[in-house]
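Just upload-v4.txt here, compact mmCIF, C-alpha atoms:
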```
# COMPACT_ATOMS: atom_id res chain seq x y z
CA MET A 657 13.44 24.69 8.84
CA THR A 658 10.08 23.96 7.23
CA ALA A 659 8.36 20.79 8.50
CA VAL A 660 6.50 18.70 5.93
CA MET A 661 3.94 16.05 6.86
CA THR A 662 2.43 13.68 4.30
CA LEU A 663 -0.68 11.75 5.31
CA LEU A 664 -0.34 8.32 3.73
CA GLY A 665 -3.65 7.30 5.25
CA THR A 666 -6.43 8.91 7.27
CA GLY A 667 -8.47 5.82 8.15
CA GLY A 668 -8.50 3.68 11.26
CA GLY A 669 -10.42 0.98 13.06
CA ARG A 670 -11.31 -2.53 11.92
CA HIS A 671 -13.87 -1.83 9.23
CA THR A 672 -12.13 1.10 7.55
CA THR A 673 -8.98 -1.03 7.53
CA MET A 674 -10.69 -4.17 6.22
CA PHE A 675 -12.28 -2.39 3.29
CA GLN A 676 -9.62 0.33 2.89
CA ALA A 677 -12.43 2.87 2.82
CA ARG A 678 -9.54 5.17 3.61
CA SER A 679 -5.90 4.17 3.56
CA THR A 680 -4.40 3.34 6.96
CA GLY A 681 -0.78 4.07 6.09
CA GLY A 682 0.18 6.53 8.84
CA PHE A 683 2.26 9.57 7.93
CA LEU A 684 5.70 10.79 6.92
CA LEU A 685 7.29 13.74 8.74
CA ASP A 686 10.41 15.57 7.60
CA ALA A 687 11.49 18.49 9.78
CA GLY A 688 14.88 18.89 8.13
CA GLY A 689 16.96 16.19 9.81
CA GLY A 690 15.51 13.13 8.10
CA THR A 691 12.21 11.45 7.30
CA VAL A 692 10.22 9.67 10.03
CA HIS A 693 7.40 7.25 9.20
CA VAL A 694 4.83 6.94 11.99
CA ASP A 695 2.37 4.02 12.20
CA PRO A 696 2.76 2.35 8.78
CA GLY A 697 -0.43 0.32 8.72
CA PRO A 698 -2.23 -1.23 5.70
CA GLY A 699 -1.97 0.97 2.63
CA ALA A 700 1.35 2.59 3.52
CA LEU A 701 3.31 0.85 0.77
CA THR A 702 0.63 1.45 -1.84
CA ALA A 703 0.40 5.15 -0.96
CA MET A 704 4.17 5.63 -1.09
CA CYS A 705 4.37 3.90 -4.44
CA GLY A 706 1.48 6.07 -5.63
CA ILE A 707 3.44 9.26 -4.98
CA SER A 708 6.76 7.78 -6.17
CA TYR A 709 8.29 7.95 -2.68
CA ASP A 710 11.53 5.99 -2.32
CA LEU A 711 11.47 4.05 0.96
CA ARG A 712 15.28 4.29 1.11
CA GLU A 713 14.75 7.95 2.05
CA THR A 714 13.13 6.91 5.34
CA ASP A 715 15.43 7.36 8.34
CA ALA A 716 13.24 6.27 11.26
CA VAL A 717 10.08 4.23 11.82
CA ILE A 718 7.82 4.58 14.86
CA VAL A 719 4.92 2.29 15.81
CA SER A 720 2.68 3.60 18.58
CA HIS A 721 0.95 0.34 19.51
CA CYS A 722 0.22 -3.23 18.57
CA HIS A 723 -2.94 -2.93 16.44
CA PRO A 724 -2.68 -3.87 12.74
CA ASP A 725 -4.04 -0.57 11.42
CA HIS A 726 -0.86 0.95 12.89
CA TYR A 727 1.80 -1.67 12.15
CA SER A 728 0.99 -4.14 9.37
CA ASP A 729 3.27 -2.56 6.70
CA ALA A 730 6.07 -1.84 9.18
CA ALA A 731 8.25 -4.83 8.30
CA SER A 732 8.29 -3.87 4.62
CA VAL A 733 8.95 -0.23 5.51
CA ILE A 734 11.93 -1.36 7.62
CA GLU A 735 13.18 -3.39 4.67
CA GLY A 736 12.88 -0.32 2.46
CA MET A 737 14.70 1.85 4.99
CA THR A 738 17.52 -0.71 5.13
CA PHE A 739 17.83 -1.06 1.33
CA GLY A 740 16.06 -4.42 1.24
CA GLY A 741 17.64 -5.48 4.53
CA TRP A 742 21.15 -5.34 3.11
CA VAL A 743 22.31 -2.10 4.77
CA LYS A 744 22.17 -1.70 8.52
CA ARG A 745 20.79 1.82 8.85
CA GLY A 746 17.98 3.87 10.32
CA GLU A 747 16.12 3.71 13.60
CA PHE A 748 13.07 1.83 14.84
CA TYR A 749 10.96 2.83 17.85
CA GLY A 750 8.05 0.87 19.25
CA THR A 751 6.21 0.29 22.48
CA GLU A 752 6.64 -2.84 24.60
CA SER A 753 3.66 -4.58 22.99
CA VAL A 754 5.14 -3.88 19.54
CA ILE A 755 8.69 -5.06 20.22
CA SER A 756 8.44 -7.64 23.02
CA GLY A 757 4.74 -8.37 23.41
CA PHE A 758 2.56 -7.49 26.39
CA LYS A 759 -0.33 -9.46 27.92
CA GLY A 760 -1.26 -11.30 24.75
CA LEU A 761 -0.61 -8.41 22.37
CA GLY A 762 2.33 -8.78 19.99
CA PRO A 763 5.11 -8.72 19.35
CA CYS A 764 4.25 -7.48 15.87
CA ILE A 765 7.77 -7.05 14.44
CA SER A 766 9.86 -10.14 13.75
CA GLN A 767 13.21 -10.66 15.41
CA TYR A 768 14.79 -10.59 11.96
CA HIS A 769 13.39 -7.16 11.15
CA LEU A 770 14.52 -5.85 14.54
CA THR A 771 18.11 -6.70 13.55
CA ARG A 772 18.05 -4.59 10.38
CA PRO A 773 17.95 -0.99 11.74
CA GLU A 774 21.08 0.51 13.26
CA LYS A 775 19.11 1.46 16.38
CA VAL A 776 16.06 -0.12 18.04
CA ARG A 777 14.44 1.28 21.16
CA THR A 778 11.38 0.44 23.24
CA ILE A 779 9.45 3.61 24.13
CA LYS A 780 6.97 4.53 26.85
CA ALA A 781 5.07 7.59 28.02
CA GLY A 782 7.40 10.14 29.60
CA ASP A 783 10.38 9.41 27.35
CA VAL A 784 12.11 12.30 25.61
CA LEU A 785 13.94 11.24 22.47
CA ASP A 786 16.12 12.67 19.73
CA ILE A 787 14.87 11.28 16.43
CA CYS A 788 16.51 12.60 13.27
CA GLY A 789 17.75 15.62 15.21
CA MET A 790 14.25 16.43 16.44
CA ARG A 791 13.08 16.34 20.05
CA VAL A 792 10.17 13.92 20.40
CA ASP A 793 8.16 13.70 23.64
CA ILE A 794 6.29 10.45 24.24
CA THR A 795 2.85 11.07 25.75
CA LYS A 796 0.27 9.05 27.63
CA ALA A 797 -2.79 7.46 25.99
CA ASP A 798 -5.81 5.51 27.28
CA HIS A 799 -6.45 2.65 24.90
CA SER A 800 -7.13 -1.11 24.74
CA ASP A 801 -3.40 -1.62 24.17
CA PRO A 802 -2.17 -0.26 27.51
CA CYS A 803 1.28 0.40 26.02
CA ASN A 804 -0.07 2.86 23.42
CA VAL A 805 1.47 6.34 23.30
CA GLY A 806 1.17 9.66 21.51
CA PHE A 807 3.86 12.06 20.31
CA ARG A 808 4.91 15.71 20.39
CA PHE A 809 7.37 16.56 17.63
CA HIS A 810 9.35 19.75 18.28
CA THR A 811 10.23 21.31 14.93
CA GLY A 812 11.90 24.58 14.03
CA ASN A 813 8.43 25.96 13.28
CA GLY A 814 6.65 24.85 16.43
CA MET A 815 5.17 21.69 17.84
CA ILE A 816 3.37 19.10 15.74
CA SER A 817 1.44 16.53 17.77
CA TYR A 818 -0.06 13.14 17.00
CA VAL A 819 -2.38 11.95 19.74
CA SER A 820 -2.78 8.29 18.65
CA ASP A 821 -5.80 6.26 19.73
CA THR A 822 -7.16 7.21 23.15
CA ALA A 823 -10.20 7.89 25.25
CA TYR A 824 -10.68 11.51 26.28
CA SER A 825 -9.59 13.06 29.56
CA ASP A 826 -8.48 16.57 30.45
CA GLU A 827 -5.13 15.11 31.54
CA ILE A 828 -4.50 13.55 28.14
CA ALA A 829 -5.59 16.66 26.25
CA ASP A 830 -3.43 18.96 28.39
CA GLN A 831 -0.28 17.12 27.26
CA TYR A 832 -0.66 18.77 23.87
CA MET A 833 -0.86 22.40 24.97
CA GLY A 834 1.24 24.56 22.67
CA SER A 835 0.73 22.45 19.54
CA ARG A 836 0.47 24.34 16.27
CA LEU A 837 -0.71 21.29 14.32
CA LEU A 838 -2.72 18.56 16.06
CA LEU A 839 -3.42 15.19 14.43
CA LEU A 840 -6.45 13.95 16.32
CA PRO A 841 -7.77 10.40 15.82
CA VAL A 842 -11.56 10.76 15.67
CA THR A 843 -13.13 7.38 15.02
CA THR A 844 -16.85 8.03 15.49
CA PRO A 845 -19.29 10.95 14.95
CA ASP A 846 -21.14 13.19 17.42
CA ASP A 847 -21.40 11.52 20.86
CA ASN A 848 -21.09 7.95 19.54
CA ARG A 849 -18.35 6.83 21.94
CA ILE A 850 -16.54 3.51 21.79
CA ALA A 851 -13.99 2.46 24.37
CA GLY A 852 -10.47 3.77 23.90
CA HIS A 853 -11.30 6.17 21.06
CA LEU A 854 -12.47 9.72 20.46
CA CYS A 855 -15.80 10.79 18.98
CA THR A 856 -16.51 14.25 17.57
CA ASP A 857 -17.88 15.56 20.87
CA ASP A 858 -14.70 14.41 22.62
CA ALA A 859 -12.66 16.11 19.91
CA ILE A 860 -14.49 19.37 20.60
CA GLU A 861 -13.47 19.24 24.26
CA PHE A 862 -9.91 18.34 23.24
CA VAL A 863 -9.60 21.28 20.83
CA LYS A 864 -11.17 23.71 23.32
CA ARG A 865 -8.38 22.92 25.79
CA VAL A 866 -5.42 22.79 23.38
CA ARG A 867 -6.51 25.48 20.87
CA PRO A 868 -4.04 24.56 18.12
CA GLU A 869 -3.63 26.56 14.95
CA LEU A 870 -4.97 23.60 12.95
CA THR A 871 -6.56 20.30 13.98
CA VAL A 872 -6.77 17.47 11.46
CA PHE A 873 -9.13 14.54 12.08
CA VAL A 874 -7.45 11.22 11.24
CA HIS A 875 -8.08 7.56 12.11
CA LEU A 876 -11.52 7.98 10.57
CA GLY A 877 -13.75 5.01 11.33
CA ILE A 878 -16.39 3.67 8.98
CA VAL A 879 -19.24 5.28 10.96
CA ILE A 880 -17.81 8.81 10.86
CA LEU A 881 -17.22 8.36 7.13
CA LYS A 882 -20.87 7.36 6.72
CA HIS A 883 -21.95 10.47 8.64
CA ASP A 884 -19.61 12.74 6.58
CA GLU A 885 -16.27 13.41 8.20
CA ASN A 886 -16.15 16.91 6.71
CA ALA A 887 -19.45 17.83 8.35
CA GLN A 888 -18.14 16.47 11.67
CA ALA A 889 -14.97 18.57 11.38
CA ALA A 890 -17.09 21.63 10.55
CA LYS A 891 -19.17 20.96 13.66
CA ALA A 892 -16.01 20.93 15.76
CA GLU A 893 -14.80 24.15 14.14
CA ARG A 894 -18.06 25.94 14.91
CA ALA A 895 -18.04 24.72 18.51
CA THR A 896 -14.42 25.68 19.23
CA GLY A 897 -13.69 28.68 17.03
CA CYS A 898 -10.50 26.90 15.95
CA ARG A 899 -9.66 25.66 12.47
CA VAL A 900 -10.58 21.97 12.14
CA ILE A 901 -10.55 19.84 9.01
CA ALA A 902 -10.93 16.16 8.15
CA GLY A 903 -7.74 14.69 6.78
CA ARG A 904 -7.56 13.30 3.26
CA ASP A 905 -5.31 10.54 1.99
CA LEU A 906 -2.15 11.99 0.38
CA MET A 907 -2.73 15.40 1.98
CA ARG A 908 0.53 17.27 2.52
CA LEU A 909 0.83 19.80 5.35
CA THR A 910 3.72 22.26 5.24
CA VAL A 911 4.38 23.96 8.57
CA ASP A 912 6.27 27.23 8.28
CA LYS A 913 5.06 30.71 9.21
CA SER A 914 1.66 29.42 8.15
CA ILE A 915 0.32 25.88 7.71
CA ASP A 916 -0.26 25.22 4.03
CA ILE A 917 -2.24 22.30 2.63
CA GLU A 918 -2.04 20.57 -0.72
CA ASP A 919 -3.34 17.28 -2.09
CA LEU A 920 -0.73 15.16 -3.83
CA ARG A 921 -1.60 13.57 -7.14
CA TRP A 922 -1.51 9.81 -7.55
CA SER A 923 1.37 9.32 -9.96
CA ARG A 924 2.41 5.70 -9.75
CA PRO A 925 5.07 5.17 -12.43
CA GLN A 926 5.19 2.34 -14.96
CA TRP A 927 8.90 2.16 -14.18
CA SER A 928 11.14 4.03 -11.78
CA PRO A 929 14.94 4.36 -11.73
CA ALA A 930 14.72 3.61 -7.99
CA TRP A 931 13.80 0.03 -8.91
CA GLU A 932 17.10 -0.62 -10.66
CA LEU A 933 19.18 -3.19 -8.79
```
For this file, write the structure as structure tokens.
Amino acid sequence: MTAVMTLLGTGGGRHTTMFQARSTGGFLLDAGGGTVHVDPGPGALTAMCGISYDLRETDAVIVSHCHPDHYSDAASVIEGMTFGGWVKRGEFYGTESVISGFKGLGPCISQYHLTRPEKVRTIKAGDVLDICGMRVDITKADHSDPCNVGFRFHTGNGMISYVSDTAYSDEIADQYMGSRLLLLPVTTPDDNRIAGHLCTDDAIEFVKRVRPELTVFVHLGIVILKHDENAQAAKAERATGCRVIAGRDLMRLTVDKSIDIEDLRWSRPQWSPAWEL
């Protein structure tokens, strides 16, 4: 079954989020068994409205960690998934900091919103889940939220991986061996490292070890945008010999025998039948 990923936002970090220099809405993934929304941060609702996506089609929501660029639209996305909160349906997955709170971080989802999905589960590195009929491996990260995790999604057309925010190590990179499509959060350019995040030079080492069919830079911070994210991706491609691109808001990636890319048009309607109550 073809897997389809829609990038609702490719930005990350405080300043990109504050100014919405890029949307920070996370992504939708449909591998045939239902639609999963991962990390619905600021801009998620606006992006979905802009492409006329009906939130009632969402079947599961995942939040990787308790930072607002990854969770701030999650409550509204849960309400959409549960038909305004009136229908108990869908699944919600979040780390301990997201659901219960951990060492001053979170919780970031209200108790009310945790009662709306049919299933709620706290996740941690090492878990193996079935989400919408798809095996999902929860991977380790090294970030300022110590509960943060990444994901390997096993689809009928190979593995799609989302690393989430992390510092670089060989151990962390090696978790993603075998990925066809790698979403790699690259916050800063060249060797401009900040704690708990990847820069372009880290991304080069990451891609050299994993060697995916396609790497997409996401979680683009304001500094990498200033230094031209496309030039930074091209630098990584030259250094690794692997295909590397910078993600764009509303980019759709279709994973089949090949990985095809298209840019969705902003088509926010004046009125939609989905709004009828």
Measure the distance from atom CA of A:Ala887 to atom CA of A:Ala859 in Å and round it to one decimal.
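For atom CA of A:Ala887 relative to atom CA of A:Ala859, the distance reads 13.5 Å.
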Name the closest residue to A:Ala687 among the candidates A:Phe739, A:Phe809, A:Phe758, A:Tyr727; distances are taken between atoms, counting all atoms listed in the file.
A:Phe809
Excluding A:Ala889 and any residue of its chain fewer than 2 positions from it, enumerate the residues within 8 Å of it, using only C-alpha atoms, and give them as a PDB file with C-alpha atoms, in the frame of the given file.
```pdb
ATOM      1  CA  THR A 856     -16.510  14.250  17.570  1.00  0.00           C
ATOM      2  CA  PHE A 873      -9.130  14.540  12.080  1.00  0.00           C
ATOM      3  CA  GLU A 885     -16.270  13.410   8.200  1.00  0.00           C
ATOM      4  CA  ASN A 886     -16.150  16.910   6.710  1.00  0.00           C
ATOM      5  CA  ALA A 887     -19.450  17.830   8.350  1.00  0.00           C
ATOM      6  CA  LYS A 891     -19.170  20.960  13.660  1.00  0.00           C
ATOM      7  CA  ALA A 892     -16.010  20.930  15.760  1.00  0.00           C
ATOM      8  CA  GLU A 893     -14.800  24.150  14.140  1.00  0.00           C
ATOM      9  CA  VAL A 900     -10.580  21.970  12.140  1.00  0.00           C
ATOM     10  CA  ILE A 901     -10.550  19.840   9.010  1.00  0.00           C
ATOM     11  CA  ALA A 902     -10.930  16.160   8.150  1.00  0.00           C
TER      12      ALA A 902
END
```
So which residues fall inside 9 Å of (-1.9, 29.3, 12.5) if we count only C-alpha atoms? Mind giving them as a compact mmCIF listing (two decimals) with C-alpha atoms, in the coordinates of the input?
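Listing of point-v4.txt after writing:
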```txt
# COMPACT_ATOMS: atom_id res chain seq x y z
CA ARG A 836 0.47 24.34 16.27
CA LEU A 837 -0.71 21.29 14.32
CA PRO A 868 -4.04 24.56 18.12
CA GLU A 869 -3.63 26.56 14.95
CA LEU A 870 -4.97 23.60 12.95
CA ARG A 899 -9.66 25.66 12.47
CA LYS A 913 5.06 30.71 9.21
CA SER A 914 1.66 29.42 8.15
CA ILE A 915 0.32 25.88 7.71
```
Within 6 Å of A:Asp695, counting all atoms listed in the file, which residues qualify if same-chain residues fewer than 5 places away don't, as a ChimeraX atom specification?
/A:682,719,726-727
Using all atoms listed in the file, I'd like a table of the residues in stretch 688-799 of chain A that come within 9 Å of stretch 920-923 of chain A; for each, show the closest atom pair and its distance in Å rounded to one decimal, ordered by chain and ascending number, as CSV.
```
residue,atom,partner,partner_atom,distance
A:Ala703,CA,A:Trp922,CA,8.3
A:Cys705,CA,A:Ser923,CA,8.3
A:Gly706,CA,A:Trp922,CA,5.2
A:Ile707,CA,A:Ser923,CA,5.4
A:Ser708,CA,A:Ser923,CA,6.8
```
Restricting the calculation to all atoms listed in the file: of A:Asp725, A:Leu684, A:Met815, A:Ile779, which residue gets closest to A:Asp710?
A:Leu684
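We find atom CA of A:Ile828 and atom CA of A:Ala890 to be spaced 23.1 Å apart.
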Can you pull out the residues contacting A:Gly812? Cut-off 10 Å, using all atoms listed in the file, and skip same-chain residues under 2 positions away; I want them as a list in words.
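Counting all atoms listed in the file, the residues come to Met657, Thr658, Ala659, Ala687, Gly688, Met790, Phe809, His810, Gly814, Met815, Val911 and Asp912 of chain A.
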Nearest residue to A:Cys898 out of A:Gly760, A:Glu861, A:Asp830, A:Thr662, using all atoms listed in the file?
A:Glu861
Just how far from atom CA of A:Thr795 is atom CA of A:Pro698, in Å to one decimal?
24.1 Å
Spatial neighbours of stretch 765-767 of chain A, 8 Å, all atoms listed in the file, chain gap at least 5 places, as a PyMOL selection string
chain A and resi 730-731+754-755
